[in-house]
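Shown here: target-v1.pdb, PDB, C-alpha atoms and all ligand atoms.
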```pdb
ATOM      1  CA  MET A   1       0.478 -39.882 -12.618
ATOM      2  CA  LEU A   2      -1.685 -37.034 -11.355
ATOM      3  CA  GLN A   3      -4.910 -36.268 -13.237
ATOM      4  CA  ILE A   4      -6.345 -32.765 -12.870
ATOM      5  CA  HIS A   5      -9.961 -31.947 -13.711
ATOM      6  CA  GLN A   6     -10.591 -28.200 -13.950
ATOM      7  CA  PHE A   7     -14.039 -26.613 -14.276
ATOM      8  CA  PRO A   8     -15.509 -23.140 -13.806
ATOM      9  CA  CYS A   9     -17.893 -22.639 -10.890
ATOM     10  CA  LEU A  10     -19.617 -19.789  -9.035
ATOM     11  CA  SER A  11     -19.142 -16.562 -11.018
ATOM     12  CA  ASP A  12     -15.383 -16.631 -11.660
ATOM     13  CA  ASN A  13     -13.857 -19.473  -9.604
ATOM     14  CA  TYR A  14     -12.110 -22.519 -10.992
ATOM     15  CA  GLY A  15     -12.849 -25.811  -9.303
ATOM     16  CA  TYR A  16     -10.205 -28.535  -9.280
ATOM     17  CA  LEU A  17     -10.496 -32.247  -8.633
ATOM     18  CA  ILE A  18      -7.186 -34.104  -8.565
ATOM     19  CA  HIS A  19      -7.033 -37.850  -8.959
ATOM     20  CA  ASP A  20      -4.415 -40.556  -8.465
ATOM     21  CA  PRO A  21      -5.434 -43.507 -10.644
ATOM     22  CA  ALA A  22      -3.099 -45.949  -8.877
ATOM     23  CA  SER A  23      -4.777 -45.558  -5.480
ATOM     24  CA  GLY A  24      -8.160 -44.285  -6.671
ATOM     25  CA  GLU A  25      -7.886 -41.286  -4.336
ATOM     26  CA  THR A  26      -9.452 -37.972  -5.338
ATOM     27  CA  ALA A  27      -9.018 -34.605  -3.615
ATOM     28  CA  CYS A  28     -11.034 -31.422  -3.996
ATOM     29  CA  ILE A  29      -8.809 -28.367  -4.156
ATOM     30  CA  ASP A  30     -11.082 -26.017  -2.191
ATOM     31  CA  THR A  31     -14.861 -26.316  -2.206
ATOM     32  CA  PRO A  32     -16.478 -23.235  -3.754
ATOM     33  CA  ASP A  33     -19.645 -25.146  -4.724
ATOM     34  CA  ALA A  34     -20.398 -28.543  -3.145
ATOM     35  CA  ASP A  35     -23.119 -29.582  -5.623
ATOM     36  CA  GLU A  36     -20.939 -28.772  -8.621
ATOM     37  CA  TYR A  37     -17.964 -30.658  -7.157
ATOM     38  CA  LEU A  38     -20.120 -33.726  -6.455
ATOM     39  CA  ARG A  39     -21.579 -33.608  -9.987
ATOM     40  CA  GLN A  40     -18.149 -33.224 -11.593
ATOM     41  CA  ALA A  41     -16.672 -36.083  -9.544
ATOM     42  CA  ALA A  42     -19.593 -38.361 -10.461
ATOM     43  CA  ALA A  43     -19.208 -37.497 -14.152
ATOM     44  CA  LYS A  44     -15.522 -38.483 -13.988
ATOM     45  CA  GLY A  45     -16.340 -41.654 -12.054
ATOM     46  CA  TRP A  46     -14.114 -40.472  -9.199
ATOM     47  CA  THR A  47     -14.877 -40.879  -5.502
ATOM     48  CA  ILE A  48     -13.864 -37.874  -3.393
ATOM     49  CA  THR A  49     -11.641 -39.013  -0.520
ATOM     50  CA  GLN A  50     -10.078 -35.708   0.580
ATOM     51  CA  ILE A  51     -10.531 -31.931   0.618
ATOM     52  CA  TRP A  52      -7.440 -29.708   0.561
ATOM     53  CA  ASN A  53      -8.304 -26.117   1.461
ATOM     54  CA  THR A  54      -6.086 -23.134   0.712
ATOM     55  CA  HIS A  55      -7.794 -20.575   2.993
ATOM     56  CA  TRP A  56     -10.968 -19.891   4.926
ATOM     57  CA  HIS A  57     -12.983 -17.722   2.511
ATOM     58  CA  PRO A  58     -16.463 -19.110   1.724
ATOM     59  CA  ASP A  59     -15.697 -19.399  -2.014
ATOM     60  CA  HIS A  60     -12.895 -21.805  -0.992
ATOM     61  CA  ALA A  61     -14.172 -23.727   2.049
ATOM     62  CA  GLY A  62     -17.931 -23.090   1.959
ATOM     63  CA  GLY A  63     -18.683 -26.510   0.467
ATOM     64  CA  ASN A  64     -16.616 -28.507   2.986
ATOM     65  CA  ALA A  65     -19.475 -29.675   5.218
ATOM     66  CA  ALA A  66     -21.760 -30.767   2.385
ATOM     67  CA  ILE A  67     -19.003 -32.687   0.554
ATOM     68  CA  LYS A  68     -17.893 -34.372   3.762
ATOM     69  CA  GLU A  69     -21.509 -35.261   4.532
ATOM     70  CA  ALA A  70     -21.930 -36.790   1.076
ATOM     71  CA  THR A  71     -18.614 -38.665   0.869
ATOM     72  CA  GLY A  72     -17.079 -39.035   4.348
ATOM     73  CA  CYS A  73     -13.863 -37.520   2.996
ATOM     74  CA  VAL A  74     -10.975 -36.199   5.111
ATOM     75  CA  ILE A  75     -10.580 -32.396   5.334
ATOM     76  CA  VAL A  76      -6.987 -31.057   5.246
ATOM     77  CA  ALA A  77      -6.724 -27.320   5.850
ATOM     78  CA  PRO A  78      -4.918 -24.448   7.529
ATOM     79  CA  ALA A  79      -6.257 -23.753  11.030
ATOM     80  CA  GLU A  80      -8.053 -20.585   9.928
ATOM     81  CA  VAL A  81     -10.611 -22.737   8.061
ATOM     82  CA  GLU A  82     -12.091 -23.586  11.501
ATOM     83  CA  ARG A  83     -13.847 -20.224  11.194
ATOM     84  CA  ILE A  84     -16.304 -21.875   8.797
ATOM     85  CA  SER A  85     -15.744 -25.657   8.860
ATOM     86  CA  ALA A  86     -14.528 -28.610  10.887
ATOM     87  CA  ILE A  87     -11.013 -29.836   9.933
ATOM     88  CA  ASP A  88      -9.606 -33.360  10.232
ATOM     89  CA  ARG A  89      -5.956 -32.418   9.776
ATOM     90  CA  ILE A  90      -4.464 -28.944  10.273
ATOM     91  CA  VAL A  91      -1.382 -28.308   8.133
ATOM     92  CA  VAL A  92       1.325 -25.624   8.125
ATOM     93  CA  GLN A  93       4.346 -24.638   6.030
ATOM     94  CA  GLY A  94       6.694 -27.603   5.623
ATOM     95  CA  ASP A  95       4.053 -30.309   6.117
ATOM     96  CA  THR A  96       3.413 -32.884   3.420
ATOM     97  CA  VAL A  97       0.052 -34.247   2.330
ATOM     98  CA  SER A  98      -0.468 -37.467   0.364
ATOM     99  CA  LEU A  99      -2.858 -38.416  -2.407
ATOM    100  CA  GLY A 100      -2.146 -42.105  -2.799
ATOM    101  CA  GLY A 101       1.511 -42.264  -3.759
ATOM    102  CA  LEU A 102       1.705 -38.577  -4.675
ATOM    103  CA  THR A 103       3.056 -36.006  -2.263
ATOM    104  CA  ALA A 104       2.188 -32.332  -1.897
ATOM    105  CA  GLN A 105       4.282 -29.850   0.047
ATOM    106  CA  VAL A 106       2.442 -27.217   2.070
ATOM    107  CA  ILE A 107       3.734 -23.680   1.453
ATOM    108  CA  ASP A 108       2.821 -20.601   3.498
ATOM    109  CA  VAL A 109       1.508 -18.019   1.030
ATOM    110  CA  SER A 110      -0.223 -15.771   3.564
ATOM    111  CA  GLY A 111      -1.151 -12.177   2.832
ATOM    112  CA  HIS A 112      -4.588 -12.463   1.220
ATOM    113  CA  THR A 113      -5.519 -14.120   4.526
ATOM    114  CA  ASN A 114      -3.188 -14.769   7.455
ATOM    115  CA  GLY A 115      -3.218 -18.556   7.118
ATOM    116  CA  HIS A 116      -3.364 -18.989   3.334
ATOM    117  CA  ILE A 117      -1.398 -22.014   2.081
ATOM    118  CA  ALA A 118      -0.519 -23.493  -1.304
ATOM    119  CA  TYR A 119      -0.073 -27.159  -2.253
ATOM    120  CA  TYR A 120       2.966 -27.934  -4.407
ATOM    121  CA  LEU A 121       3.258 -31.361  -6.064
ATOM    122  CA  PRO A 122       6.873 -31.636  -7.281
ATOM    123  CA  GLU A 123       6.391 -34.863  -9.253
ATOM    124  CA  ALA A 124       3.512 -33.254 -11.166
ATOM    125  CA  GLY A 125       5.245 -29.872 -11.545
ATOM    126  CA  THR A 126       2.044 -28.312 -10.263
ATOM    127  CA  ALA A 127       1.078 -25.869  -7.512
ATOM    128  CA  PHE A 128      -2.429 -24.985  -6.339
ATOM    129  CA  VAL A 129      -2.086 -21.413  -5.127
ATOM    130  CA  GLY A 130      -5.662 -20.344  -4.287
ATOM    131  CA  ASP A 131      -5.949 -16.560  -4.076
ATOM    132  CA  SER A 132      -2.252 -15.816  -3.466
ATOM    133  CA  VAL A 133      -0.981 -15.393  -7.038
ATOM    134  CA  PHE A 134      -3.235 -14.902 -10.063
ATOM    135  CA  ALA A 135      -2.203 -14.626 -13.699
ATOM    136  CA  LEU A 136      -0.706 -11.100 -13.918
ATOM    137  CA  GLY A 137      -1.877 -10.327 -10.384
ATOM    138  CA  CYS A 138      -2.189 -11.374  -6.768
ATOM    139  CA  GLY A 139      -4.934 -11.598  -4.172
ATOM    140  CA  ARG A 140      -6.234  -8.602  -2.301
ATOM    141  CA  MET A 141      -4.394  -8.086   0.987
ATOM    142  CA  PHE A 142      -7.373  -8.574   3.335
ATOM    143  CA  GLU A 143      -5.502  -9.734   6.451
ATOM    144  CA  GLY A 144      -1.749  -9.640   5.882
ATOM    145  CA  THR A 145       0.989  -7.035   5.558
ATOM    146  CA  PRO A 146       3.110  -6.109   2.531
ATOM    147  CA  ASP A 147       6.211  -7.677   4.117
ATOM    148  CA  GLN A 148       4.333 -10.921   4.763
ATOM    149  CA  PHE A 149       2.779 -11.031   1.296
ATOM    150  CA  TRP A 150       6.113 -10.300  -0.401
ATOM    151  CA  ALA A 151       7.777 -13.104   1.589
ATOM    152  CA  SER A 152       5.006 -15.443   0.423
ATOM    153  CA  LEU A 153       5.527 -14.447  -3.199
ATOM    154  CA  GLN A 154       9.245 -15.145  -2.756
ATOM    155  CA  ARG A 155       8.379 -18.734  -1.819
ATOM    156  CA  ILE A 156       6.328 -19.080  -5.011
ATOM    157  CA  LYS A 157       9.114 -17.502  -7.070
ATOM    158  CA  GLY A 158      11.487 -20.089  -5.599
ATOM    159  CA  LEU A 159       9.632 -23.012  -7.185
ATOM    160  CA  PRO A 160      11.048 -24.440 -10.430
ATOM    161  CA  ALA A 161      10.250 -22.029 -13.280
ATOM    162  CA  GLU A 162       8.425 -24.732 -15.260
ATOM    163  CA  THR A 163       5.872 -25.192 -12.440
ATOM    164  CA  MET A 164       2.267 -24.727 -13.577
ATOM    165  CA  LEU A 165       0.313 -22.468 -11.225
ATOM    166  CA  TYR A 166      -3.364 -23.280 -10.718
ATOM    167  CA  CYS A 167      -5.030 -20.253  -9.161
ATOM    168  CA  ALA A 168      -8.644 -20.063  -8.047
ATOM    169  CA  HIS A 169     -10.096 -17.267 -10.192
ATOM    170  CA  GLU A 170     -10.246 -16.126 -13.817
ATOM    171  CA  TYR A 171      -9.205 -12.507 -13.200
ATOM    172  CA  THR A 172      -6.597 -12.273 -15.945
ATOM    173  CA  ALA A 173      -8.328  -9.760 -18.237
ATOM    174  CA  SER A 174      -8.725  -7.119 -15.521
ATOM    175  CA  ASN A 175      -5.301  -7.943 -14.055
ATOM    176  CA  ALA A 176      -3.723  -7.388 -17.475
ATOM    177  CA  LYS A 177      -4.999  -3.796 -17.625
ATOM    178  CA  PHE A 178      -3.417  -2.923 -14.307
ATOM    179  CA  ALA A 179      -0.204  -4.841 -15.058
ATOM    180  CA  VAL A 180       0.381  -2.822 -18.242
ATOM    181  CA  HIS A 181      -0.242   0.393 -16.293
ATOM    182  CA  ALA A 182       2.162  -0.759 -13.570
ATOM    183  CA  ASP A 183       4.958  -1.828 -15.912
ATOM    184  CA  PRO A 184       4.431  -0.068 -19.273
ATOM    185  CA  ASP A 185       7.880  -0.708 -20.776
ATOM    186  CA  ASN A 186       7.772  -4.489 -20.285
ATOM    187  CA  ALA A 187       7.662  -6.012 -23.791
ATOM    188  CA  ALA A 188       6.940  -9.566 -22.611
ATOM    189  CA  LEU A 189       4.009  -8.276 -20.575
ATOM    190  CA  ALA A 190       2.661  -6.179 -23.445
ATOM    191  CA  ALA A 191       2.799  -9.168 -25.786
ATOM    192  CA  TYR A 192       1.010 -11.492 -23.361
ATOM    193  CA  ALA A 193      -1.551  -8.883 -22.264
ATOM    194  CA  SER A 194      -2.521  -8.267 -25.881
ATOM    195  CA  GLU A 195      -3.643 -11.921 -26.253
ATOM    196  CA  ILE A 196      -5.871 -12.024 -23.203
ATOM    197  CA  ALA A 197      -8.999 -10.245 -24.454
ATOM    198  CA  ASP A 198      -9.111 -12.442 -27.580
ATOM    199  CA  LYS A 199      -8.680 -15.602 -25.557
ATOM    200  CA  ARG A 200     -11.450 -14.651 -23.163
ATOM    201  CA  SER A 201     -13.847 -13.592 -25.913
ATOM    202  CA  GLN A 202     -13.426 -17.095 -27.374
ATOM    203  CA  GLY A 203     -14.162 -18.602 -23.954
ATOM    204  CA  GLU A 204     -10.590 -19.820 -23.428
ATOM    205  CA  TRP A 205      -9.203 -20.201 -19.920
ATOM    206  CA  THR A 206      -5.990 -18.365 -19.018
ATOM    207  CA  VAL A 207      -5.382 -20.667 -16.028
ATOM    208  CA  PRO A 208      -3.195 -22.578 -15.275
ATOM    209  CA  MET A 209      -0.186 -20.449 -16.111
ATOM    210  CA  PRO A 210       3.529 -21.286 -16.112
ATOM    211  CA  LEU A 211       5.544 -19.661 -13.337
ATOM    212  CA  SER A 212       8.212 -18.886 -15.963
ATOM    213  CA  ARG A 213       5.846 -16.445 -17.687
ATOM    214  CA  GLU A 214       4.608 -14.883 -14.438
ATOM    215  CA  LEU A 215       8.225 -14.231 -13.448
ATOM    216  CA  VAL A 216       8.656 -11.903 -16.429
ATOM    217  CA  THR A 217       5.136 -10.436 -16.675
ATOM    218  CA  ASN A 218       3.460 -10.281 -13.245
ATOM    219  CA  PRO A 219       4.268  -6.918 -11.607
ATOM    220  CA  PHE A 220       3.552  -8.252  -8.108
ATOM    221  CA  LEU A 221       6.201 -10.963  -8.528
ATOM    222  CA  ARG A 222       8.547  -8.331  -9.978
ATOM    223  CA  ALA A 223       8.442  -5.845  -7.086
ATOM    224  CA  ASP A 224      12.204  -6.437  -6.764
ATOM    225  CA  ASP A 225      12.795  -5.216 -10.325
ATOM    226  CA  PRO A 226      14.616  -1.849 -10.508
ATOM    227  CA  ALA A 227      12.315  -0.533 -13.261
ATOM    228  CA  ILE A 228       9.201  -1.255 -11.198
ATOM    229  CA  GLN A 229      10.725   0.205  -8.050
ATOM    230  CA  ALA A 230      11.708   3.374  -9.916
ATOM    231  CA  ARG A 231       8.265   3.772 -11.463
ATOM    232  CA  TRP A 232       6.542   3.315  -8.104
ATOM    233  CA  GLY A 233       8.971   5.433  -6.068
ATOM    234  CA  ALA A 234      10.002   2.490  -3.896
ATOM    235  CA  ALA A 235      13.376   1.759  -2.323
ATOM    236  CA  THR A 236      12.645  -1.877  -1.451
ATOM    237  CA  PRO A 237      10.596  -4.762  -2.903
ATOM    238  CA  GLU A 238       8.261  -4.519   0.089
ATOM    239  CA  GLU A 239       7.612  -0.827  -0.611
ATOM    240  CA  ALA A 240       7.049  -1.512  -4.291
ATOM    241  CA  PHE A 241       4.685  -4.378  -3.494
ATOM    242  CA  ALA A 242       2.739  -2.177  -1.050
ATOM    243  CA  ALA A 243       2.454   0.619  -3.623
ATOM    244  CA  LEU A 244       1.324  -1.785  -6.358
ATOM    245  CA  ARG A 245      -1.231  -3.504  -4.138
ATOM    246  CA  ALA A 246      -2.707  -0.188  -2.951
ATOM    247  CA  ALA A 247      -2.860   1.161  -6.510
ATOM    248  CA  LYS A 248      -4.549  -2.000  -7.826
ATOM    249  CA  ASP A 249      -7.198  -1.802  -5.089
ATOM    250  CA  SER A 250      -8.445   1.520  -6.473
ATOM    251  CA  PHE A 251      -7.550   1.020 -10.164
TER     252      PHE A 251
HETATM  253 ZN    ZN A 301     -10.091 -15.575  -1.030
HETATM  254 FE    FE A 302     -11.441 -16.539  -3.788
END
```
Translate this file's structure into structure tokens.
Ligand code: ZN
Ligand code: FE
Amino acid sequence: MLQIHQFPCLSDNYGYLIHDPASGETACIDTPDADEYLRQAAAKGWTITQIWNTHWHPDHAGGNAAIKEATGCVIVAPAEVERISAIDRIVVQGDTVSLGGLTAQVIDVSGHTNGHIAYYLPEAGTAFVGDSVFALGCGRMFEGTPDQFWASLQRIKGLPAETMLYCAHEYTASNAKFAVHADPDNAALAAYASEIADKRSQGEWTVPMPLSRELVTNPFLRADDPAIQARWGAATPEEAFAALRAAKDSF
């Protein structure tokens, strides 16, 4: 049974250590802060054996070298991570990665960067999605195209609705403001958005989040919804996604 240890690090990242008690294996999901990851693993009594990167950005792979140096762990990553780190195993869409007896499927969720991947663990009902989807939002489109990003979001939407999404940043409060602007007549969104500020002021985390809720509240996942397309003057999901992403960038 998968154990997940979540902790805030850097200014607004979440760090994740995942552990398989049967085999004793532990993987870092990304490496925003090597010292913090090593401290957190030691506090849990877990020995880091792997790193699974989602994309090449320094707040995701910047701690690779130091953690490998300290633990001798194996680095699993998309090829783009070679921009800032050595990799032991390059993975692409359709590959599987193992943590002891647990299996993760590699999903292409490119758009934020060109090689961005997610790790989906079906037995745990869990997906680590990096900076592709956030609660009520999605990553900035630094390298990809709207068509590519929309296709990636379709792959996330295709996971079982009960899947818990573990994204890499606590951006929900600011995402909620834009989401309500993007989709003002959405009652489910309005209800959820109204809880966020309270939660955050009490120090609560809004991550992970169930895919089922994102499907009805996240405007970027709902770019195929007729109401969103009408509001944003779009004839296709790709056009609606492009309009939403551009508007969010300057919101
Ligand atoms: Zn990023
Ligand atoms: Fe990031």
Name the residues, by chain letter and number, that sit within 7 Å of ligand ZN 301 (chain A) using only C-alpha atoms and all ligand atoms, and give them as a PDB file with C-alpha atoms, in the frame of the given file.
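File part_15.pdb, as written:
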```pdb
ATOM      1  CA  HIS A  55      -7.794 -20.575   2.993  1.00  0.00           C
ATOM      2  CA  HIS A  57     -12.983 -17.722   2.511  1.00  0.00           C
ATOM      3  CA  ASP A  59     -15.697 -19.399  -2.014  1.00  0.00           C
ATOM      4  CA  HIS A  60     -12.895 -21.805  -0.992  1.00  0.00           C
ATOM      5  CA  HIS A 112      -4.588 -12.463   1.220  1.00  0.00           C
ATOM      6  CA  ASP A 131      -5.949 -16.560  -4.076  1.00  0.00           C
TER       7      ASP A 131
END
```
Check your understanding: Distance CA of Leu244 in chain A-CA of Pro219 in chain A, one decimal place?
Key ->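 Interatomic distance here is 7.9 Å.
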Practice item. Might you pull out every residue within 9 Å of range 5-15 of chain A, with all atoms listed in the file counted and same-chain residues fewer than 2 positions away left off, and present them as a list of chain:residue names? Key: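 The residues satisfying every condition are A:Gln3, A:Leu17, A:Ile18, A:His19, A:Cys28, A:Ile29, A:Asp30, A:Thr31, A:Pro32, A:Asp33, A:Glu36, A:Tyr37, A:Gln40, A:Ala41, A:Lys44, A:Asp59, A:His60, A:Tyr166, A:Cys167, A:Ala168, A:His169, A:Glu170, A:Tyr171, A:Val207.
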**Study point:** Output of the PyMOL selection byres (((chain A and resi 116) around 9) and not hetatm), listed as a list in words
**Key:** Asn53, Thr54, His55, Trp56, Pro78, Glu80, Ile107, Asp108, Val109, Ser110, Gly111, His112, Thr113, Asn114, Gly115, Ile117, Ala118, Val129, Gly130, Asp131 and Ser132 of chain A
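Atom pair CA of Asp147 in chain A / CA of Val81 in chain A: separated by 22.9 Å.
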